[in-house]
Amino acid sequence: MILGMNTRTFTVHLKSNKMKSLISSPVATVTPGGFRLPSYHSNSDMRFADTNNPFWIAPRLNDDRCSFITALIHELRNPLTNIKLSVELLESVSTDDKGKTFLDIIRRSSARISDLINDLLKDKQEVGETHSIHQLLDEALELTRDRISLKNIVVKKKYDEDCALTLNGPEMKIALTNIIVNAVDAMTTGEGQLTLITKSIESTYILVIADNGCGISKMNLKNIFSPYYTNKAGGLGIGLATTHNILQSNNVRVNIKSREAKGTCFVLLFNKNEGVQKNQPKAGSYVRPI
């Protein structure tokens with residue numbers, strides 16, 4: 001389908017008599033409703049809409065790309081199902097406690113991927129919902145629990161009063177998870193400490209995520225949110241770029257401070273006037289252990 005009045009046409013001359021005989025209506029024009037064959041001219045030419053016209057090619061490419069991505073996401077279910085069945089089989093025959101611990105990690109990680117796939121297929125946006133910052137943070141911690149546990153990292157929470165703001169909850173949870181994962185990856189096994197701090201100051205709500213990891217050089221710090229920029233082995237450079245886009249779309253400002261061999265600190269600033277703000281009980285009453 002072509003929308004708009006700028007559609008151009010071109011003529012194709014048919015030299016083959018066999019081809020001429022196959023075409024009973026040689027003139028094709030395009031309307032907002034689709035193709036129309038209004039009249040018969042000569043069997044020697046046929047007019048088509050110019051497929052180089054952006055009104056034609058862009059929607060087709062977008063539709064094809066979306067269809068392919070949807071099909072690809074759906075196909076991810078097949079290997080996930082195989083993983084789930086394999087884990088269930090191994091759990092039924094395994095008597096090793098340590099082995100069962102790792103099987104639990106595989107099962108939880110597979111379930112997380114499955115949930116993400118379902119969210120993508122539903123294409124569901126939670127816009128206009130109020131979310132507790134502490135709850136989003138604790139849910140992000142829960143999603144990274146296995147990684148934190150495997151590296152024997154200590155988590156310290158210093159929560160002030162909670163705050164509920166109008167945010168896209170699923171997106172913010174992804175952003176917080178990405179920041180925590182990067183912090184965990186930067187720390188040495190058995191020596192890491194992840195510190196989470198929340199503080200309410202007038203119209204601003206502050207969230208700090210700090211680690212005592214390897215830190216980030218000044219040069220790398222300038223490019224930390226650039227797509228596909230990474231110095232991590234096996235990294236894609238997508239996580240923090242996505243995080244930055246999510247924070248921007250939710251009107252959350254971010255500042256990063258880092259010193260090599262000392263650690264990194266992400267500071268997120270939420271404007272309470274841009275959402276529905278609601279004070280909750282003090283920190284100690286909500287903290288959930290991981």
# chains A, B, ... in the order shown; residues from 1 in each chain; ligands from 1

$ closest_atom_pairs --of "region 76-177 of chain A" --to "region 256-268 of chain A" --cutoff "12 Å" --atoms "only C-alpha atoms" --output "tab-separated table"
residue	atom	partner	partner_atom	distance
A:Ile133	CA	A:Leu268	CA	11.1
A:Leu137	CA	A:Leu268	CA	12.0
A:Met172	CA	A:Leu268	CA	11.4
A:Ala175	CA	A:Leu268	CA	10.9
A:Leu176	CA	A:Leu268	CA	9.9

$ residues_around --residues "region 186-193 of chain A" --least-positions-apart "4" --cutoff "8 Å" --atoms "only C-alpha atoms" --output "MDAnalysis selection string"
chainID A and resid 150:156 182 211:215

$ closest_residue --among "A:Tyr159, A:Thr195, A:Gly237, A:Leu76" --to "Ile117 (chain A)" --atoms "only C-alpha atoms"
A:Leu76

$ atom_distance --atom1 "CA of Ile83 (chain A)" --atom2 "CA of Asp104 (chain A)"
12.0 Å

$ atom_distance --atom1 "CA of Leu165 (chain A)" --atom2 "CA of Ile180 (chain A)"
20.8 Å

$ closest_residue --among "A:Lys173, A:Lys158, A:Arg112, A:Lys84" --to "Ala140 (chain A)" --atoms "only C-alpha atoms"
A:Lys173

$ atom_distance --atom1 "CA of Gln248 (chain A)" --atom2 "CA of Ile148 (chain A)"
27.2 Å

$ closest_residue --among "A:Thr166, A:Asn255, A:Asn273, A:Asn82" --to "Ser110 (chain A)" --atoms "only C-alpha atoms"
A:Asn82

$ select_by_dssp --residues "region 125-161 of chain A" --states "alpha helix (DSSP H)" --output "number ranges by chain"
A: 133-143, 145-150

$ write_last_selection --atoms "N, CA and C atoms" --output "compact mmCIF listing (two decimals), in the first residue's frame"
# COMPACT_ATOMS: atom_id res chain seq x y z
N ILE A 133 10.54 2.97 44.63
CA ILE A 133 11.95 2.87 44.26
C ILE A 133 12.62 1.71 44.99
N HIS A 134 12.31 1.56 46.28
CA HIS A 134 12.91 0.46 47.04
C HIS A 134 12.49 -0.90 46.48
N GLN A 135 11.25 -1.00 46.07
CA GLN A 135 10.79 -2.29 45.54
C GLN A 135 11.46 -2.60 44.21
N LEU A 136 11.57 -1.60 43.33
CA LEU A 136 12.26 -1.81 42.06
C LEU A 136 13.71 -2.22 42.29
N LEU A 137 14.35 -1.57 43.26
CA LEU A 137 15.74 -1.88 43.56
C LEU A 137 15.89 -3.29 44.12
N ASP A 138 15.00 -3.67 45.01
CA ASP A 138 15.06 -5.02 45.59
C ASP A 138 14.75 -6.09 44.54
N GLU A 139 13.85 -5.79 43.61
CA GLU A 139 13.55 -6.75 42.55
C GLU A 139 14.75 -6.91 41.63
N ALA A 140 15.46 -5.81 41.36
CA ALA A 140 16.68 -5.89 40.55
C ALA A 140 17.75 -6.72 41.28
N LEU A 141 17.84 -6.55 42.59
CA LEU A 141 18.77 -7.36 43.38
C LEU A 141 18.41 -8.84 43.32
N GLU A 142 17.13 -9.11 43.36
CA GLU A 142 16.67 -10.51 43.29
C GLU A 142 17.07 -11.14 41.96
N LEU A 143 16.99 -10.35 40.90
CA LEU A 143 17.34 -10.86 39.57
C LEU A 143 18.84 -11.13 39.45
N ARG A 145 20.71 -12.02 42.11
CA ARG A 145 21.10 -12.74 43.32
C ARG A 145 22.12 -13.84 43.05
N ASP A 146 21.91 -14.62 42.01
CA ASP A 146 22.83 -15.74 41.72
C ASP A 146 24.23 -15.23 41.40
N ARG A 147 24.32 -14.18 40.60
CA ARG A 147 25.63 -13.64 40.23
C ARG A 147 26.35 -13.09 41.47
N ILE A 148 25.58 -12.41 42.33
CA ILE A 148 26.15 -11.87 43.57
C ILE A 148 26.63 -13.00 44.47
N SER A 149 25.84 -14.06 44.57
CA SER A 149 26.17 -15.19 45.42
C SER A 149 27.42 -15.93 44.92
N LEU A 150 27.51 -16.14 43.61
CA LEU A 150 28.64 -16.86 43.03
C LEU A 150 29.96 -16.13 43.26

$ residues_around --residues "Asn245 (chain A)" --least-positions-apart "6" --cutoff "10 Å" --atoms "only C-alpha atoms" --output "PyMOL selection string"
chain A and resi 171+175+225+251-252

$ write_last_selection --atoms "C-alpha atoms" --output "PDB file, in the first residue's frame"
ATOM      1  CA  GLU A 171      12.129  -0.613  31.988  1.00  0.00           C
ATOM      2  CA  ALA A 175      18.143  -0.306  33.965  1.00  0.00           C
ATOM      3  CA  PHE A 225      26.942   5.006  27.440  1.00  0.00           C
ATOM      4  CA  ASN A 251      13.277  11.679  33.275  1.00  0.00           C
ATOM      5  CA  VAL A 252      15.983  10.278  35.547  1.00  0.00           C
TER       6      VAL A 252
END

$ select_by_dssp --residues "region 84-286 of chain A" --states "strand (DSSP E or B)" --output "PDB file with N, CA and C atoms, in the first residue's frame"
ATOM      1  N   GLU A 129       2.121   4.192  35.711  1.00  0.00           N
ATOM      2  CA  GLU A 129       1.990   3.448  36.955  1.00  0.00           C
ATOM      3  C   GLU A 129       2.964   4.006  37.990  1.00  0.00           C
ATOM      4  N   THR A 130       2.552   4.012  39.253  1.00  0.00           N
ATOM      5  CA  THR A 130       3.458   4.438  40.308  1.00  0.00           C
ATOM      6  C   THR A 130       4.207   3.222  40.853  1.00  0.00           C
ATOM      7  N   HIS A 131       5.501   3.409  41.072  1.00  0.00           N
ATOM      8  CA  HIS A 131       6.345   2.307  41.531  1.00  0.00           C
ATOM      9  C   HIS A 131       7.216   2.765  42.688  1.00  0.00           C
ATOM     10  N   SER A 132       7.362   1.907  43.671  1.00  0.00           N
ATOM     11  CA  SER A 132       8.255   2.146  44.800  1.00  0.00           C
ATOM     12  C   SER A 132       9.697   1.970  44.346  1.00  0.00           C
ATOM     13  N   VAL A 154      29.309  -8.907  49.216  1.00  0.00           N
ATOM     14  CA  VAL A 154      28.511  -8.405  50.339  1.00  0.00           C
ATOM     15  C   VAL A 154      27.651  -7.239  49.861  1.00  0.00           C
ATOM     16  N   VAL A 155      26.357  -7.275  50.185  1.00  0.00           N
ATOM     17  CA  VAL A 155      25.443  -6.200  49.812  1.00  0.00           C
ATOM     18  C   VAL A 155      25.077  -5.405  51.058  1.00  0.00           C
ATOM     19  N   LYS A 156      25.291  -4.097  51.000  1.00  0.00           N
ATOM     20  CA  LYS A 156      24.934  -3.211  52.110  1.00  0.00           C
ATOM     21  C   LYS A 156      23.866  -2.234  51.647  1.00  0.00           C
ATOM     22  N   LYS A 157      22.763  -2.193  52.390  1.00  0.00           N
ATOM     23  CA  LYS A 157      21.665  -1.289  52.065  1.00  0.00           C
ATOM     24  C   LYS A 157      21.587  -0.174  53.104  1.00  0.00           C
ATOM     25  N   LYS A 158      21.536   1.025  52.612  1.00  0.00           N
ATOM     26  CA  LYS A 158      21.356   2.189  53.472  1.00  0.00           C
ATOM     27  C   LYS A 158      20.175   2.986  52.931  1.00  0.00           C
ATOM     28  N   CYS A 163      10.050   6.147  48.173  1.00  0.00           N
ATOM     29  CA  CYS A 163       9.368   7.121  47.334  1.00  0.00           C
ATOM     30  C   CYS A 163       8.706   6.391  46.175  1.00  0.00           C
ATOM     31  N   ALA A 164       7.438   6.690  45.927  1.00  0.00           N
ATOM     32  CA  ALA A 164       6.717   6.098  44.789  1.00  0.00           C
ATOM     33  C   ALA A 164       6.566   7.154  43.703  1.00  0.00           C
ATOM     34  N   LEU A 165       7.024   6.815  42.503  1.00  0.00           N
ATOM     35  CA  LEU A 165       6.992   7.754  41.387  1.00  0.00           C
ATOM     36  C   LEU A 165       6.359   7.116  40.165  1.00  0.00           C
ATOM     37  N   THR A 166       5.878   7.971  39.274  1.00  0.00           N
ATOM     38  CA  THR A 166       5.314   7.482  38.020  1.00  0.00           C
ATOM     39  C   THR A 166       6.457   7.140  37.067  1.00  0.00           C
ATOM     40  N   LEU A 167       6.636   5.848  36.844  1.00  0.00           N
ATOM     41  CA  LEU A 167       7.740   5.352  36.022  1.00  0.00           C
ATOM     42  C   LEU A 167       7.284   4.157  35.205  1.00  0.00           C
ATOM     43  N   GLN A 193      32.076  -5.450  47.556  1.00  0.00           N
ATOM     44  CA  GLN A 193      31.031  -4.877  48.398  1.00  0.00           C
ATOM     45  C   GLN A 193      30.163  -3.952  47.552  1.00  0.00           C
ATOM     46  N   LEU A 194      28.880  -4.281  47.479  1.00  0.00           N
ATOM     47  CA  LEU A 194      27.910  -3.480  46.730  1.00  0.00           C
ATOM     48  C   LEU A 194      27.098  -2.674  47.731  1.00  0.00           C
ATOM     49  N   THR A 195      27.109  -1.356  47.578  1.00  0.00           N
ATOM     50  CA  THR A 195      26.406  -0.475  48.505  1.00  0.00           C
ATOM     51  C   THR A 195      25.257   0.232  47.795  1.00  0.00           C
ATOM     52  N   LEU A 196      24.076   0.159  48.388  1.00  0.00           N
ATOM     53  CA  LEU A 196      22.884   0.792  47.834  1.00  0.00           C
ATOM     54  C   LEU A 196      22.377   1.826  48.830  1.00  0.00           C
ATOM     55  N   ILE A 197      22.251   3.060  48.372  1.00  0.00           N
ATOM     56  CA  ILE A 197      21.841   4.156  49.241  1.00  0.00           C
ATOM     57  C   ILE A 197      20.682   4.903  48.596  1.00  0.00           C
ATOM     58  N   THR A 198      19.665   5.212  49.397  1.00  0.00           N
ATOM     59  CA  THR A 198      18.588   6.087  48.925  1.00  0.00           C
ATOM     60  C   THR A 198      18.467   7.263  49.889  1.00  0.00           C
ATOM     61  N   LYS A 199      18.133   8.407  49.339  1.00  0.00           N
ATOM     62  CA  LYS A 199      18.038   9.620  50.147  1.00  0.00           C
ATOM     63  C   LYS A 199      17.037  10.567  49.510  1.00  0.00           C
ATOM     64  N   SER A 200      16.163  11.121  50.330  1.00  0.00           N
ATOM     65  CA  SER A 200      15.177  12.096  49.856  1.00  0.00           C
ATOM     66  C   SER A 200      15.588  13.481  50.327  1.00  0.00           C
ATOM     67  N   ILE A 201      15.798  14.405  49.358  1.00  0.00           N
ATOM     68  CA  ILE A 201      16.176  15.782  49.667  1.00  0.00           C
ATOM     69  C   ILE A 201      15.257  16.725  48.900  1.00  0.00           C
ATOM     70  N   THR A 204      14.001  16.196  45.248  1.00  0.00           N
ATOM     71  CA  THR A 204      14.849  15.219  44.564  1.00  0.00           C
ATOM     72  C   THR A 204      14.966  13.948  45.385  1.00  0.00           C
ATOM     73  N   TYR A 205      14.864  12.814  44.694  1.00  0.00           N
ATOM     74  CA  TYR A 205      15.092  11.528  45.339  1.00  0.00           C
ATOM     75  C   TYR A 205      16.362  10.947  44.745  1.00  0.00           C
ATOM     76  N   ILE A 206      17.298  10.565  45.604  1.00  0.00           N
ATOM     77  CA  ILE A 206      18.633  10.139  45.164  1.00  0.00           C
ATOM     78  C   ILE A 206      18.810   8.647  45.403  1.00  0.00           C
ATOM     79  N   LEU A 207      19.323   7.967  44.393  1.00  0.00           N
ATOM     80  CA  LEU A 207      19.652   6.548  44.494  1.00  0.00           C
ATOM     81  C   LEU A 207      21.120   6.377  44.104  1.00  0.00           C
ATOM     82  N   VAL A 208      21.892   5.763  44.999  1.00  0.00           N
ATOM     83  CA  VAL A 208      23.318   5.540  44.759  1.00  0.00           C
ATOM     84  C   VAL A 208      23.587   4.041  44.704  1.00  0.00           C
ATOM     85  N   ILE A 209      24.292   3.612  43.669  1.00  0.00           N
ATOM     86  CA  ILE A 209      24.739   2.225  43.543  1.00  0.00           C
ATOM     87  C   ILE A 209      26.255   2.265  43.401  1.00  0.00           C
ATOM     88  N   ALA A 210      26.963   1.795  44.442  1.00  0.00           N
ATOM     89  CA  ALA A 210      28.423   1.914  44.467  1.00  0.00           C
ATOM     90  C   ALA A 210      29.083   0.553  44.638  1.00  0.00           C
ATOM     91  N   ASP A 211      30.254   0.406  44.044  1.00  0.00           N
ATOM     92  CA  ASP A 211      31.025  -0.828  44.186  1.00  0.00           C
ATOM     93  C   ASP A 211      32.480  -0.493  44.486  1.00  0.00           C
ATOM     94  N   VAL A 252      15.066  10.534  34.442  1.00  0.00           N
ATOM     95  CA  VAL A 252      15.983  10.278  35.547  1.00  0.00           C
ATOM     96  C   VAL A 252      17.378  10.732  35.114  1.00  0.00           C
ATOM     97  N   ARG A 253      17.969  11.634  35.892  1.00  0.00           N
ATOM     98  CA  ARG A 253      19.324  12.081  35.589  1.00  0.00           C
ATOM     99  C   ARG A 253      20.333  11.111  36.208  1.00  0.00           C
ATOM    100  N   VAL A 254      21.494  10.997  35.581  1.00  0.00           N
ATOM    101  CA  VAL A 254      22.511  10.061  36.079  1.00  0.00           C
ATOM    102  C   VAL A 254      23.879  10.724  36.077  1.00  0.00           C
ATOM    103  N   ASN A 255      24.630  10.469  37.132  1.00  0.00           N
ATOM    104  CA  ASN A 255      25.994  10.962  37.243  1.00  0.00           C
ATOM    105  C   ASN A 255      26.873   9.791  37.676  1.00  0.00           C
ATOM    106  N   ILE A 256      28.067   9.682  37.096  1.00  0.00           N
ATOM    107  CA  ILE A 256      28.959   8.566  37.414  1.00  0.00           C
ATOM    108  C   ILE A 256      30.290   9.109  37.897  1.00  0.00           C
ATOM    109  N   LYS A 257      30.734   8.567  39.027  1.00  0.00           N
ATOM    110  CA  LYS A 257      32.058   8.883  39.546  1.00  0.00           C
ATOM    111  C   LYS A 257      32.830   7.580  39.677  1.00  0.00           C
ATOM    112  N   SER A 258      34.087   7.616  39.235  1.00  0.00           N
ATOM    113  CA  SER A 258      34.871   6.376  39.270  1.00  0.00           C
ATOM    114  C   SER A 258      36.355   6.677  39.414  1.00  0.00           C
ATOM    115  N   ARG A 259      37.042   5.803  40.143  1.00  0.00           N
ATOM    116  CA  ARG A 259      38.500   5.866  40.270  1.00  0.00           C
ATOM    117  C   ARG A 259      39.050   4.472  40.023  1.00  0.00           C
ATOM    118  N   GLY A 263      36.869   1.864  42.587  1.00  0.00           N
ATOM    119  CA  GLY A 263      35.451   1.554  42.450  1.00  0.00           C
ATOM    120  C   GLY A 263      34.683   2.595  41.658  1.00  0.00           C
ATOM    121  N   THR A 264      33.397   2.332  41.491  1.00  0.00           N
ATOM    122  CA  THR A 264      32.520   3.188  40.688  1.00  0.00           C
ATOM    123  C   THR A 264      31.237   3.462  41.448  1.00  0.00           C
ATOM    124  N   CYS A 265      30.700   4.660  41.233  1.00  0.00           N
ATOM    125  CA  CYS A 265      29.473   5.074  41.910  1.00  0.00           C
ATOM    126  C   CYS A 265      28.499   5.673  40.899  1.00  0.00           C
ATOM    127  N   PHE A 266      27.332   5.034  40.754  1.00  0.00           N
ATOM    128  CA  PHE A 266      26.251   5.561  39.918  1.00  0.00           C
ATOM    129  C   PHE A 266      25.292   6.334  40.818  1.00  0.00           C
ATOM    130  N   VAL A 267      25.008   7.579  40.462  1.00  0.00           N
ATOM    131  CA  VAL A 267      24.067   8.397  41.218  1.00  0.00           C
ATOM    132  C   VAL A 267      22.882   8.730  40.315  1.00  0.00           C
ATOM    133  N   LEU A 268      21.697   8.237  40.687  1.00  0.00           N
ATOM    134  CA  LEU A 268      20.474   8.501  39.925  1.00  0.00           C
ATOM    135  C   LEU A 268      19.644   9.539  40.662  1.00  0.00           C
ATOM    136  N   LEU A 269      19.186  10.546  39.934  1.00  0.00           N
ATOM    137  CA  LEU A 269      18.413  11.637  40.517  1.00  0.00           C
ATOM    138  C   LEU A 269      17.001  11.629  39.944  1.00  0.00           C
ATOM    139  N   PHE A 270      16.024  11.392  40.800  1.00  0.00           N
ATOM    140  CA  PHE A 270      14.617  11.383  40.413  1.00  0.00           C
ATOM    141  C   PHE A 270      13.968  12.696  40.858  1.00  0.00           C
ATOM    142  N   ASN A 271      13.229  13.316  39.961  1.00  0.00           N
ATOM    143  CA  ASN A 271      12.495  14.534  40.306  1.00  0.00           C
ATOM    144  C   ASN A 271      11.106  14.147  40.808  1.00  0.00           C
ATOM    145  N   ASN A 279       5.526   9.124  50.315  1.00  0.00           N
ATOM    146  CA  ASN A 279       6.493   8.651  51.301  1.00  0.00           C
ATOM    147  C   ASN A 279       6.028   7.352  51.918  1.00  0.00           C
TER     148      ASN A 279
END

$ closest_residue --among "A:Ala111, A:Ile246, A:Leu116, A:Val184" --to "Asn168 (chain A)" --atoms "only C-alpha atoms"
A:Ile246

$ closest_residue --among "A:Ile238, A:Thr144, A:Lys100, A:Lys272" --to "Glu202 (chain A)" --atoms "only C-alpha atoms"
A:Lys272

$ residues_around --residues "Leu80 (chain A)" --least-positions-apart "6" --cutoff "12 Å" --atoms "only C-alpha atoms" --output "count of residues only"
15

$ decode --residues "region 138-155 of chain A" --atoms "C-alpha atoms" --output "short mmCIF file (atom, residue, chain, number, x, y, z; two decimals), in the first residue's frame"
data_model
loop_
_atom_site.label_atom_id
_atom_site.label_comp_id
_atom_site.auth_asym_id
_atom_site.auth_seq_id
_atom_site.Cartn_x
_atom_site.Cartn_y
_atom_site.Cartn_z
CA ASP A 138 15.06 -5.02 45.59
CA GLU A 139 13.55 -6.75 42.55
CA ALA A 140 16.68 -5.89 40.55
CA LEU A 141 18.77 -7.36 43.38
CA GLU A 142 16.67 -10.51 43.29
CA LEU A 143 17.34 -10.86 39.57
CA THR A 144 21.09 -10.61 40.17
CA ARG A 145 21.10 -12.74 43.32
CA ASP A 146 22.83 -15.74 41.72
CA ARG A 147 25.63 -13.64 40.23
CA ILE A 148 26.15 -11.87 43.57
CA SER A 149 26.17 -15.19 45.42
CA LEU A 150 28.64 -16.86 43.03
CA LYS A 151 31.13 -14.04 43.55
CA ASN A 152 30.55 -13.91 47.34
CA ILE A 153 29.78 -10.20 47.24
CA VAL A 154 28.51 -8.41 50.34
CA VAL A 155 25.44 -6.20 49.81
#
